[in-house]
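J.: Below is the file work-v2.cif, which contains mmCIF, C-alpha atoms.
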data_input
#
loop_
_atom_site.label_atom_id
_atom_site.label_comp_id
_atom_site.auth_asym_id
_atom_site.auth_seq_id
_atom_site.Cartn_x
_atom_site.Cartn_y
_atom_site.Cartn_z
CA MET W 1 87.01 69.30 90.48
CA LEU W 2 85.23 70.72 93.53
CA THR W 3 81.70 69.34 93.90
CA VAL W 4 81.21 70.13 97.57
CA GLU W 5 78.94 72.91 98.77
CA LEU W 6 80.15 75.20 101.54
CA GLU W 7 76.85 74.67 103.36
CA THR W 8 77.50 70.92 103.44
CA ILE W 9 80.85 71.47 105.13
CA GLN W 10 79.26 73.84 107.62
CA GLU W 11 76.63 71.24 108.50
CA LEU W 12 79.29 68.57 109.05
CA ILE W 13 81.30 70.97 111.22
CA ALA W 14 78.22 71.81 113.28
CA GLN W 15 77.51 68.09 113.76
CA GLY W 16 81.15 67.32 114.59
CA LYS W 17 81.46 64.76 111.79
CA ALA W 18 85.25 64.39 111.85
CA GLU W 19 85.45 61.21 109.74
CA GLU W 20 83.18 62.59 107.02
CA LEU W 21 85.18 65.82 106.80
CA ALA W 22 88.48 63.94 106.62
CA ALA W 23 87.13 61.63 103.91
CA MET W 24 85.83 64.61 101.97
CA GLN W 25 89.23 66.35 102.05
CA GLU W 26 90.93 63.19 100.76
CA GLN W 27 88.39 62.70 97.98
CA VAL W 28 88.23 66.29 96.73
CA ASP W 29 90.53 66.67 93.70
CA LEU W 30 92.08 69.97 94.75
CA HIS W 31 95.54 71.20 95.63
CA PRO W 32 95.75 72.20 99.32
CA ALA W 33 96.14 75.84 98.27
CA ASP W 34 92.84 75.75 96.33
CA TRP W 35 91.12 73.83 99.12
CA ALA W 36 92.38 76.46 101.59
CA ASP W 37 91.00 79.28 99.38
CA PHE W 38 87.62 77.55 99.39
CA LEU W 39 87.56 76.90 103.14
CA GLU W 40 88.67 80.45 103.94
CA GLN W 41 85.14 81.52 103.06
CA LEU W 42 84.15 79.98 106.39
CA PRO W 43 84.02 82.16 109.50
CA HIS W 44 87.23 81.87 111.50
CA GLU W 45 85.47 79.91 114.25
CA GLU W 46 84.28 77.28 111.76
CA LEU W 47 87.67 77.12 110.03
CA ALA W 48 89.35 76.47 113.39
CA ARG W 49 86.75 73.84 114.20
CA TYR W 50 87.35 72.19 110.81
CA ILE W 51 91.10 71.90 111.51
CA GLU W 52 90.34 70.54 114.96
CA LEU W 53 88.00 67.88 113.57
CA VAL W 54 90.18 66.63 110.71
CA GLY W 55 93.23 66.74 112.97
CA PRO W 56 96.52 68.67 112.81
CA GLU W 57 98.08 66.28 110.26
CA MET W 58 95.32 66.88 107.70
CA GLY W 59 94.68 70.43 108.84
CA LEU W 60 98.27 71.65 108.42
CA PRO W 61 98.21 71.83 104.57
CA ILE W 62 95.07 73.98 104.84
CA PHE W 63 96.51 76.12 107.61
CA GLU W 64 99.72 76.78 105.65
CA PHE W 65 97.84 78.28 102.70
CA VAL W 66 95.22 80.46 104.38
CA SER W 67 95.88 84.18 104.80
CA PHE W 68 97.92 85.41 107.71
CA GLU W 69 94.91 87.13 109.25
CA ALA W 70 93.06 83.80 109.20
CA LYS W 71 96.07 82.06 110.75
CA LYS W 72 96.14 84.51 113.65
CA ALA W 73 92.43 84.10 114.26
CA VAL W 74 92.56 80.29 114.08
CA ILE W 75 95.44 79.84 116.55
CA GLU W 76 93.58 81.94 119.09
CA ILE W 77 90.56 79.60 118.85
CA LEU W 78 92.16 76.15 118.60
CA PRO W 79 92.34 74.01 121.76
CA LYS W 80 95.73 73.78 123.41
CA ASP W 81 96.50 70.19 122.38
CA VAL W 82 95.51 70.72 118.73
CA LEU W 83 97.47 73.97 118.51
CA GLY W 84 100.54 72.36 120.05
CA ARG W 85 100.53 69.50 117.54
CA LEU W 86 99.86 71.88 114.62
CA ILE W 87 102.76 74.19 115.55
CA THR W 88 105.06 71.20 116.07
CA LEU W 89 104.30 69.87 112.59
CA MET W 90 105.10 73.21 110.92
CA SER W 91 108.53 73.73 109.35
CA PRO W 92 110.83 75.85 111.56
CA ASP W 93 110.91 78.86 109.21
CA ASP W 94 107.13 78.96 108.78
CA ARG W 95 106.73 78.57 112.54
CA ALA W 96 109.12 81.48 113.14
CA ASP W 97 107.31 83.69 110.58
CA LEU W 98 104.01 83.07 112.36
CA VAL W 99 105.32 83.62 115.88
CA GLU W 100 107.14 86.78 114.84
CA GLU W 101 103.88 88.49 113.84
CA VAL W 102 101.62 87.55 116.77
CA ASP W 103 101.34 89.49 120.01
CA GLU W 104 103.41 88.67 123.08
CA SER W 105 100.72 86.68 124.88
CA MET W 106 100.17 84.39 121.89
CA LYS W 107 103.93 84.07 121.41
CA GLU W 108 104.32 82.88 124.98
CA ARG W 109 101.44 80.45 124.53
CA ILE W 110 103.01 78.92 121.42
CA LEU W 111 106.47 78.67 123.02
CA SER W 112 104.98 76.89 126.02
CA LEU W 113 103.55 74.19 123.75
CA LEU W 114 106.89 73.25 122.19
CA PHE W 115 109.51 70.84 123.44
CA GLN W 116 112.69 72.45 124.76
CA ALA W 117 114.76 71.73 121.63
CA GLU W 118 112.04 73.07 119.31
CA ARG W 119 111.51 76.09 121.54
CA GLN W 120 115.23 76.91 121.55
CA ASN W 121 115.40 76.46 117.79
CA LEU W 122 112.48 78.86 117.34
CA LEU W 123 114.03 81.45 119.66
CA ASN W 124 117.29 81.21 117.73
CA LEU W 125 115.49 81.90 114.45
CA LEU W 126 113.62 84.83 116.00
CA SER W 127 116.89 86.33 117.27
CA TYR W 128 118.21 87.10 113.78
CA PRO W 129 117.67 90.59 112.28
CA GLU W 130 114.43 90.94 110.35
CA ASN W 131 115.88 91.08 106.82
CA SER W 132 118.81 88.72 107.33
CA ALA W 133 119.35 85.27 105.86
CA GLY W 134 119.00 83.78 109.35
CA ALA W 135 115.46 85.14 109.69
CA TYR W 136 114.33 83.33 106.52
CA MET W 137 116.23 80.05 106.76
CA THR W 138 114.89 76.69 107.84
CA THR W 139 116.83 74.29 110.01
CA GLU W 140 115.30 71.28 108.28
CA TYR W 141 117.85 70.18 105.69
CA ALA W 142 119.40 66.90 104.61
CA LEU W 143 123.09 66.39 105.37
CA LEU W 144 125.75 63.72 105.21
CA ARG W 145 129.25 63.27 106.58
CA MET W 146 132.10 63.36 104.10
CA ASP W 147 133.42 59.99 105.33
CA ASP W 148 130.12 58.20 104.73
CA THR W 149 129.79 55.72 101.89
CA VAL W 150 127.11 56.15 99.24
CA GLN W 151 125.18 53.19 100.71
CA ASP W 152 125.29 54.76 104.18
CA GLY W 153 124.25 58.06 102.66
CA LEU W 154 121.22 56.55 100.92
CA ASP W 155 120.14 54.86 104.13
CA GLN W 156 120.43 58.13 106.05
CA ILE W 157 118.54 60.12 103.42
CA ARG W 158 115.66 57.63 103.59
CA LEU W 159 115.49 58.34 107.32
CA GLN W 160 115.90 62.11 106.98
CA ALA W 161 113.62 62.79 103.99
CA PRO W 162 110.23 62.54 105.78
CA ARG W 163 111.32 65.22 108.23
CA LYS W 164 113.16 67.55 105.83
CA GLU W 165 111.75 70.34 103.72
CA ASN W 166 114.20 69.94 100.84
CA VAL W 167 116.26 66.98 99.68
CA TYR W 168 117.10 68.12 96.15
CA TYR W 169 120.51 69.11 97.47
CA ILE W 170 122.26 67.24 100.26
CA TYR W 171 124.93 69.14 102.13
CA VAL W 172 128.15 67.56 103.31
CA VAL W 173 129.86 68.50 106.58
CA ASP W 174 132.99 67.42 108.40
CA THR W 175 133.17 66.28 112.03
CA SER W 176 133.02 69.91 113.21
CA PHE W 177 129.92 70.62 111.11
CA HIS W 178 131.83 72.84 108.67
CA LEU W 179 130.20 72.95 105.25
CA VAL W 180 132.65 71.27 102.84
CA GLY W 181 130.51 70.37 99.84
CA PHE W 182 127.15 69.30 98.48
CA ILE W 183 125.72 66.57 96.33
CA SER W 184 122.49 66.37 94.36
CA LEU W 185 120.04 63.59 95.10
CA ARG W 186 120.34 62.42 91.50
CA ARG W 187 124.10 62.12 91.72
CA LEU W 188 123.86 60.24 95.00
CA ILE W 189 121.42 57.73 93.52
CA MET W 190 123.59 57.23 90.42
CA ALA W 191 126.85 56.70 92.36
CA ARG W 192 128.34 53.30 93.16
CA ARG W 193 127.38 52.16 96.64
CA GLY W 194 130.94 51.60 97.83
CA GLU W 195 132.17 55.08 96.92
CA TYR W 196 132.75 57.68 99.61
CA ILE W 197 130.75 60.90 99.75
CA ARG W 198 133.96 62.97 99.80
CA ASP W 199 134.92 61.54 96.39
CA ILE W 200 131.66 62.33 94.60
CA MET W 201 130.58 65.56 96.30
CA ASP W 202 130.93 68.95 94.64
CA LYS W 203 133.49 70.95 96.62
CA ARG W 204 132.61 74.24 94.87
CA VAL W 205 129.93 74.95 97.42
CA ILE W 206 128.39 78.44 97.43
CA SER W 207 126.82 79.67 100.63
CA VAL W 208 125.69 82.85 102.37
CA GLN W 209 126.43 84.18 105.84
CA VAL W 210 123.68 84.06 108.43
CA ASP W 211 123.64 87.88 108.72
CA ASP W 212 123.65 88.61 104.96
CA ASP W 213 120.82 90.80 103.68
CA ILE W 214 118.02 88.67 102.28
CA GLU W 215 117.85 90.76 99.08
CA GLU W 216 121.50 89.91 98.41
CA VAL W 217 120.71 86.25 99.04
CA ALA W 218 117.82 86.42 96.57
CA GLU W 219 120.06 87.97 93.93
CA LYS W 220 122.71 85.31 94.54
CA MET W 221 120.17 82.50 94.16
CA ARG W 222 118.87 84.08 90.95
CA HIS W 223 122.41 84.46 89.60
CA TYR W 224 123.33 80.82 90.24
CA ASP W 225 119.82 79.49 89.49
CA PHE W 226 119.70 77.63 92.82
CA LEU W 227 116.63 75.98 94.30
CA ALA W 228 118.16 76.31 97.75
CA MET W 229 121.06 78.13 99.40
CA PRO W 230 122.98 76.89 102.46
CA VAL W 231 123.51 79.34 105.32
CA VAL W 232 126.67 79.27 107.43
CA ASP W 233 127.88 81.13 110.52
CA ASP W 234 131.13 83.08 110.84
CA GLN W 235 132.97 79.77 111.43
CA GLU W 236 131.61 78.33 108.14
CA ARG W 237 129.44 75.86 110.04
CA LEU W 238 126.16 74.90 108.41
CA VAL W 239 123.25 76.40 110.35
CA GLY W 240 120.35 76.48 107.91
CA LEU W 241 118.93 76.47 104.42
CA ILE W 242 116.99 79.03 102.42
CA THR W 243 114.63 77.50 99.87
CA PHE W 244 113.23 79.01 96.70
CA ASP W 245 109.71 79.36 98.10
CA ASP W 246 111.09 81.64 100.82
CA ILE W 247 112.99 83.71 98.23
CA TYR W 248 109.87 83.93 96.08
CA ASP W 249 108.09 85.46 99.07
CA VAL W 250 110.97 87.94 99.48
CA ILE W 251 110.82 88.92 95.81
CA GLN W 252 107.05 89.40 96.04
CA GLU W 253 107.38 91.47 99.22
CA GLU W 254 110.12 93.66 97.73
CA ALA W 255 108.18 94.21 94.51
CA THR W 256 105.08 95.15 96.49
CA GLU W 257 107.13 97.43 98.74
CA ASP W 258 108.70 99.26 95.78
CA MET W 259 105.30 99.59 94.11
CA TYR W 260 103.81 101.08 97.28
CA TYR W 261 106.75 103.40 97.90
CA LEU W 262 106.70 104.71 94.33
CA ALA W 263 103.01 105.50 94.84
CA ASN W 264 103.78 107.02 98.27
CA LEU W 265 101.79 104.41 100.16
CA ASP W 266 102.46 102.57 103.39
CA THR W 267 103.12 98.86 102.90
CA ASP W 268 100.81 98.02 105.82
CA GLU W 269 97.75 99.04 103.79
CA SER W 270 95.64 96.66 101.73
CA VAL W 271 92.20 96.68 100.14
CA GLN W 272 90.89 94.98 103.31
CA SER W 273 92.21 97.75 105.57
CA PRO W 274 89.48 99.59 107.53
CA LEU W 275 88.58 103.09 106.35
CA TYR W 276 90.18 104.86 109.31
CA ARG W 277 93.43 102.91 108.86
CA SER W 278 93.69 103.71 105.15
CA VAL W 279 93.13 107.40 105.89
CA LYS W 280 95.70 107.29 108.68
CA LEU W 281 98.34 105.64 106.49
CA ARG W 282 97.83 107.87 103.44
CA ILE W 283 97.42 111.31 104.99
CA PRO W 284 101.09 111.85 106.02
CA TRP W 285 102.30 111.43 102.43
CA LEU W 286 99.50 113.62 101.12
CA MET W 287 100.43 116.36 103.59
CA PHE W 288 104.07 116.13 102.54
CA ASN W 289 102.98 116.26 98.91
CA LEU W 290 100.89 119.32 99.73
CA LEU W 291 104.02 121.11 100.93
CA THR W 292 105.87 120.30 97.71
CA ALA W 293 102.84 121.39 95.67
CA LEU W 294 102.87 124.73 97.51
CA LEU W 295 106.52 125.08 96.52
CA VAL W 296 105.54 124.63 92.87
CA ALA W 297 102.61 127.05 93.29
CA THR W 298 104.99 129.63 94.79
CA THR W 299 107.25 129.27 91.75
CA VAL W 300 104.34 129.91 89.40
CA HIS W 301 103.12 132.83 91.54
CA GLN W 302 106.40 134.68 90.94
CA PHE W 303 105.48 134.95 87.27
CA SER W 304 101.79 135.83 87.65
CA ASP W 305 102.30 139.21 85.92
CA THR W 306 103.86 137.52 82.89
CA ILE W 307 101.02 135.00 82.67
CA SER W 308 98.41 137.74 82.91
CA GLN W 309 100.00 139.59 79.98
CA TYR W 310 100.25 136.53 77.73
CA VAL W 311 97.51 133.99 78.59
CA ALA W 312 98.80 131.33 76.18
CA LEU W 313 101.53 130.62 78.75
CA ALA W 314 98.87 129.28 81.15
CA VAL W 315 97.61 126.95 78.40
CA MET W 316 101.04 125.51 77.60
CA MET W 317 102.43 125.46 81.13
CA PRO W 318 100.74 122.14 82.18
CA VAL W 319 102.23 120.45 79.10
CA VAL W 320 105.75 121.24 80.31
CA GLY W 321 105.00 119.98 83.82
CA LEU W 322 103.18 116.79 82.80
CA LEU W 323 105.80 115.68 80.27
CA GLY W 324 108.59 116.41 82.75
CA GLY W 325 106.89 114.42 85.50
CA ASN W 326 106.27 111.47 83.20
CA ALA W 327 109.87 111.45 81.97
CA GLY W 328 111.13 111.68 85.54
CA ASN W 329 109.05 108.67 86.59
CA GLN W 330 110.39 106.73 83.59
CA SER W 331 113.99 107.32 84.70
CA LEU W 332 113.03 106.67 88.31
CA THR W 333 111.42 103.31 87.53
CA VAL W 334 114.38 102.11 85.46
CA VAL W 335 116.93 103.08 88.13
CA VAL W 336 114.91 101.70 91.08
CA ARG W 337 114.56 98.37 89.27
CA ALA W 338 118.28 98.30 88.47
CA LEU W 339 119.14 99.00 92.12
CA ALA W 340 116.77 96.25 93.27
CA LEU W 341 118.44 93.75 90.93
CA GLY W 342 121.97 94.87 91.77
CA GLU W 343 122.65 96.09 88.23
CA ILE W 344 124.12 99.43 89.37
CA ASP W 345 127.51 99.81 91.00
CA LEU W 346 127.13 102.81 93.30
CA GLY W 347 130.78 103.65 92.70
CA GLN W 348 130.00 104.08 89.00
CA HIS W 349 126.72 105.94 89.35
CA TRP W 350 127.95 108.73 87.09
CA LYS W 351 127.50 106.39 84.13
CA VAL W 352 123.81 106.07 84.95
CA LEU W 353 123.58 109.84 85.34
CA LEU W 354 125.21 110.54 81.96
CA LYS W 355 123.01 107.99 80.21
CA GLU W 356 119.78 109.38 81.68
CA LEU W 357 120.86 112.93 80.87
CA ALA W 358 121.51 111.88 77.27
CA VAL W 359 118.08 110.24 77.10
CA GLY W 360 116.53 113.39 78.55
CA LEU W 361 118.31 115.59 76.03
CA CYS W 362 117.24 113.51 73.02
CA ASN W 363 113.65 113.07 74.20
CA GLY W 364 113.44 116.72 75.25
CA LEU W 365 114.51 117.96 71.82
CA MET W 366 112.08 115.66 69.99
CA VAL W 367 109.11 116.38 72.24
CA GLY W 368 110.02 120.07 72.37
CA LEU W 369 110.08 120.36 68.59
CA VAL W 370 106.69 118.68 68.33
CA ILE W 371 104.98 120.84 70.97
CA GLY W 372 106.79 123.93 69.63
CA SER W 373 105.41 123.26 66.16
CA ILE W 374 101.92 122.76 67.54
CA ALA W 375 102.17 126.01 69.52
CA TYR W 376 103.39 127.89 66.45
CA PHE W 377 100.48 126.75 64.26
CA TRP W 378 98.08 127.34 67.15
CA TYR W 379 99.20 130.85 68.15
CA GLN W 380 101.32 131.87 65.14
CA ASN W 381 104.09 132.96 67.51
CA ILE W 382 107.63 131.74 66.80
CA TRP W 383 108.89 133.01 70.16
CA LEU W 384 106.39 130.88 72.07
CA ALA W 385 107.50 127.88 70.02
CA PHE W 386 111.18 128.66 70.77
CA ILE W 387 110.51 128.98 74.52
CA LEU W 388 108.65 125.67 74.55
CA VAL W 389 111.48 123.83 72.78
CA ILE W 390 114.07 125.17 75.25
CA ALA W 391 111.88 124.64 78.34
CA MET W 392 110.85 121.11 77.35
CA THR W 393 114.45 120.09 76.64
CA ALA W 394 115.67 121.56 79.91
CA ASN W 395 112.84 119.98 81.91
CA LEU W 396 113.49 116.50 80.51
CA LEU W 397 117.16 116.97 81.40
CA ILE W 398 116.01 117.77 84.95
CA ALA W 399 113.81 114.67 84.82
CA GLY W 400 116.76 112.47 83.84
CA LEU W 401 118.98 114.03 86.50
CA PHE W 402 116.57 113.72 89.44
CA GLY W 403 115.00 110.45 88.23
CA SER W 404 118.41 108.79 88.35
CA MET W 405 120.08 110.56 91.27
CA VAL W 406 117.28 110.58 93.87
CA PRO W 407 117.06 106.74 94.23
CA ILE W 408 120.87 106.42 94.15
CA ILE W 409 121.26 109.00 96.92
CA LEU W 410 118.58 107.26 98.99
CA ARG W 411 120.38 103.92 98.57
CA LYS W 412 123.68 105.53 99.67
CA LEU W 413 121.84 106.74 102.78
CA ASN W 414 120.75 103.11 103.41
CA LEU W 415 117.13 103.97 102.63
CA ASP W 416 114.82 102.22 100.20
CA PRO W 417 115.47 103.89 96.80
CA ALA W 418 111.74 103.96 96.04
CA LEU W 419 110.83 105.71 99.30
CA GLY W 420 109.18 109.03 98.37
CA SER W 421 111.23 109.24 95.17
CA SER W 422 108.26 110.11 92.98
CA ILE W 423 107.41 113.15 95.14
CA PHE W 424 110.96 114.52 94.93
CA VAL W 425 111.21 113.89 91.19
CA THR W 426 107.79 115.37 90.38
CA THR W 427 108.51 118.43 92.52
CA ALA W 428 111.84 118.96 90.74
CA THR W 429 110.32 118.65 87.26
CA ASP W 430 107.28 120.82 88.06
CA ALA W 431 109.18 123.58 89.85
CA GLY W 432 112.16 123.43 87.48
CA GLY W 433 110.07 123.19 84.34
CA PHE W 434 107.75 126.04 85.30
CA PHE W 435 110.66 128.22 86.40
CA ILE W 436 112.52 127.74 83.13
CA PHE W 437 109.39 128.10 80.96
CA LEU W 438 108.02 131.17 82.72
CA GLY W 439 111.48 132.64 83.32
CA LEU W 440 112.27 132.52 79.60
CA ALA W 441 108.83 133.95 78.85
CA THR W 442 109.50 136.85 81.22
CA LEU W 443 112.89 137.56 79.64
CA LEU W 444 111.37 137.43 76.14
CA LEU W 445 107.99 138.90 77.02
CA HIS W 446 108.35 141.86 74.67
CA HIS W 447 109.04 139.47 71.77
CA LEU W 448 106.05 137.32 72.74
CA LEU W 449 103.75 140.33 72.83
CA ALA W 450 105.12 141.65 69.54
CA GLY W 451 104.74 138.23 67.95
#
Turn this file's structure into structure tokens for me.
T.:
Amino acid sequence: MLTVELETIQELIAQGKAEELAAMQEQVDLHPADWADFLEQLPHEELARYIELVGPEMGLPIFEFVSFEAKKAVIEILPKDVLGRLITLMSPDDRADLVEEVDESMKERILSLLFQAERQNLLNLLSYPENSAGAYMTTEYALLRMDDTVQDGLDQIRLQAPRKENVYYIYVVDTSFHLVGFISLRRLIMARRGEYIRDIMDKRVISVQVDDDIEEVAEKMRHYDFLAMPVVDDQERLVGLITFDDIYDVIQEEATEDMYYLANLDTDESVQSPLYRSVKLRIPWLMFNLLTALLVATTVHQFSDTISQYVALAVMMPVVGLLGGNAGNQSLTVVVRALALGEIDLGQHWKVLLKELAVGLCNGLMVGLVIGSIAYFWYQNIWLAFILVIAMTANLLIAGLFGSMVPIILRKLNLDPALGSSIFVTTATDAGGFFIFLGLATLLLHHLLAG
């Protein structure tokens, strides 16, 4: 457990007590992630000084777990020699993720600190499209030749393991570096030493192409329950490895992105965003929503005479709109999730449409009968109850239609299915529901008034 006070660490940093800080980090019974959370309370200047004092080797586990904003601040403060060693010790994929987000001047500074081979490797990783497998892969992986013996393989793995990110799976290549199989570390250890790798490897290797979309890679890893996925080029040569921790980050990013899009928010915003930035990011969606709200208001305005003659319509009108919007968001959430998980074949989208329409019909009839009964006992008007049943059923059908079709259409247009979907669906249910409810009331106004 943590027994160190932050003030104590600050005093040691101020005094430049490198040995005491290093000893403290070794003695504290905390995972590096928890230690990083604790140290991130320090000002960025003191955090950078801490990493400098304990050294890049001990500082790297802390650096890897601090927030990205802290990382950017620290690398701007660290001395050149410390920064160079720290960047060199990072895994290639983490190094590429960091360099990709910094400005050009810092990118050039980092590249200048790397050896030629490391620099070229980093540039290669940065050259892949943003959401491709190549952009997320690491080039640190364990491999063996198919003609090696088990004894040779074990000797090589002992040499490779300290420098590799993942050795749960060991990939097997031929003389041209084509991926021909894989073997688990357990199976390698259990095999007889004189056997050849080609005889004990699993030839049913599953891989992804370097330009495959990372969401498809994540789904493939989930489907096969892999801890890692090899990445090959168009010649089936092994070029990298995607590990589960990278895919976990992708899943988290995609879930956050869908959550933000469904709420009509920009993914660049966070609770730490400055006031002006939050306003800047939110106002475009609010203005667009204002336009759709005016469309709904215009629809209602067309029936202002009807509402003025029978005021109960104004009381019941929000019920139709609110239930329709809620039902639309239910369909929308189910379909967006299914698209994200690859559960919907776009060629068979009509099945989703029919199912959501059936759900809308059943729910609309049940909710309509309930609100119709309430309206009847409230106003003693059977015609108002009848209009509510019909309008509620029709509006929940609209909700099922738009809640399922809007995200599917956006996906077919190669857009994120969650992008602005809630605005379109809510506008459809509000405008459609009000039009049907007030339109029926206008047609049957003489019955309403007589009732």
J.: Name the closest residue to Asn264 (chain W) among the candidates W:Ala418, W:Val296, W:Ala133, W:Val102; distances are taken between atoms, counting all atoms listed in the file.
T.: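 For Asn264 (chain W), the nearest of the candidates is W:Ala418.
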J.: As an exercise, work out the distance from CA of Thr292 (chain W) to CA of Thr427 (chain W) in Å and give it to one decimal place.
T.: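 Straight-line distance from CA of Thr292 (chain W) to CA of Thr427 (chain W) works out to 6.1 Å.
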J.: Between W:Ala96, W:Ser112, W:Leu449, W:Asp34, which is the closest to Val311 (chain W) once you count all atoms listed in the file?
T.: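 Once distances to Val311 (chain W) are computed over all atoms listed in the file, the minimum belongs to W:Leu449.
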J.: Which residues are close to Leu30 (chain W), i.e. within 12 Å by all atoms listed in the file, leaving aside same-chain residues fewer than 3 positions away? Reply as a PyMOL selection string.
T.: chain W and resi 1-4+24-27+33-39+61-62
J.: To test your reading of the syntax: which residues would the PyMOL selection byres ((chain W and resi 86) around 12) return for the file shown? Reply as a tab-separated table (two decimals) with C-alpha atoms, in the coordinates of the input.
T.:
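Output (result.tsv):
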chain	number	residue	atom	x	y	z
W	48	ALA	CA	89.35	76.47	113.39
W	51	ILE	CA	91.10	71.90	111.51
W	52	GLU	CA	90.34	70.54	114.96
W	54	VAL	CA	90.18	66.63	110.71
W	55	GLY	CA	93.23	66.74	112.97
W	56	PRO	CA	96.52	68.67	112.81
W	57	GLU	CA	98.08	66.28	110.26
W	58	MET	CA	95.32	66.88	107.70
W	59	GLY	CA	94.68	70.43	108.84
W	60	LEU	CA	98.27	71.65	108.42
W	61	PRO	CA	98.21	71.83	104.57
W	62	ILE	CA	95.07	73.98	104.84
W	63	PHE	CA	96.51	76.12	107.61
W	64	GLU	CA	99.72	76.78	105.65
W	71	LYS	CA	96.07	82.06	110.75
W	74	VAL	CA	92.56	80.29	114.08
W	75	ILE	CA	95.44	79.84	116.55
W	78	LEU	CA	92.16	76.15	118.60
W	79	PRO	CA	92.34	74.01	121.76
W	80	LYS	CA	95.73	73.78	123.41
W	81	ASP	CA	96.50	70.19	122.38
W	82	VAL	CA	95.51	70.72	118.73
W	83	LEU	CA	97.47	73.97	118.51
W	84	GLY	CA	100.54	72.36	120.05
W	85	ARG	CA	100.53	69.50	117.54
W	87	ILE	CA	102.76	74.19	115.55
W	88	THR	CA	105.06	71.20	116.07
W	89	LEU	CA	104.30	69.87	112.59
W	90	MET	CA	105.10	73.21	110.92
W	91	SER	CA	108.53	73.73	109.35
W	94	ASP	CA	107.13	78.96	108.78
W	95	ARG	CA	106.73	78.57	112.54
W	110	ILE	CA	103.01	78.92	121.42
W	113	LEU	CA	103.55	74.19	123.75
W	114	LEU	CA	106.89	73.25	122.19
J.: Ile189 (chain W): which residues within 10 Å, counting all atoms listed in the file, same-chain residues fewer than 4 positions away excluded, as a CSV table (one decimal) with C-alpha atoms, in the frame of the given file?
T.:
chain,number,residue,atom,x,y,z
W,150,VAL,CA,127.1,56.2,99.2
W,151,GLN,CA,125.2,53.2,100.7
W,153,GLY,CA,124.2,58.1,102.7
W,154,LEU,CA,121.2,56.6,100.9
W,184,SER,CA,122.5,66.4,94.4
W,185,LEU,CA,120.0,63.6,95.1
W,193,ARG,CA,127.4,52.2,96.6
J.: Between CA of Tyr136 (chain W) and CA of Asn124 (chain W), measure the distance and give it in Å to one decimal.
T.: 11.8 Å
J.: Give me the residues within 9 Å of Tyr168 (chain W) as a JSON list (two decimals) with C-alpha atoms, keeping the file's coordinate frame, counting all atoms listed in the file and dropping any in the same chain fewer than 3 places off.
T.:
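Everything below was put into part.json:
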[["chain", "number", "residue", "atom", "x", "y", "z"],
["W", 142, "ALA", "CA", 119.40, 66.90, 104.61],
["W", 183, "ILE", "CA", 125.72, 66.57, 96.33],
["W", 184, "SER", "CA", 122.49, 66.37, 94.36],
["W", 185, "LEU", "CA", 120.04, 63.59, 95.10],
["W", 186, "ARG", "CA", 120.34, 62.42, 91.50],
["W", 227, "LEU", "CA", 116.63, 75.98, 94.30],
["W", 228, "ALA", "CA", 118.16, 76.31, 97.75]]
J.: Suppose a student applies the PyMOL selection byres ((chain W and resi 305) around 12) to this structure; what residues should they get, written as a PyMOL selection string?
T.: chain W and resi 300-304+306-311+313-314+438-439+441-442+445
J.: Taking the partial coordinates given, rebuild region 208-217 of chain W to contain N, CA and C atoms; return it as a compact mmCIF listing (two decimals), in the coordinates of the input.
T.:
# COMPACT_ATOMS: atom_id res chain seq x y z
N VAL W 208 125.84 81.47 101.90
CA VAL W 208 125.69 82.85 102.37
C VAL W 208 125.88 82.86 103.88
N GLN W 209 126.26 84.02 104.40
CA GLN W 209 126.43 84.18 105.84
C GLN W 209 125.07 84.40 106.49
N VAL W 210 124.96 84.00 107.73
CA VAL W 210 123.68 84.06 108.43
C VAL W 210 123.17 85.48 108.58
N ASP W 211 124.07 86.48 108.57
CA ASP W 211 123.64 87.88 108.72
C ASP W 211 123.60 88.64 107.40
N ASP W 212 123.74 87.95 106.26
CA ASP W 212 123.65 88.61 104.96
C ASP W 212 122.23 89.12 104.73
N ASP W 213 122.13 90.24 104.01
CA ASP W 213 120.82 90.80 103.68
C ASP W 213 120.07 89.85 102.76
N ILE W 214 118.79 89.65 103.03
CA ILE W 214 118.02 88.67 102.28
C ILE W 214 117.87 89.05 100.81
N GLU W 215 117.91 90.36 100.48
CA GLU W 215 117.85 90.76 99.08
C GLU W 215 119.11 90.32 98.34
N GLU W 216 120.26 90.39 99.02
CA GLU W 216 121.50 89.91 98.41
C GLU W 216 121.46 88.40 98.22
N VAL W 217 120.86 87.70 99.17
CA VAL W 217 120.71 86.25 99.04
C VAL W 217 119.82 85.92 97.84
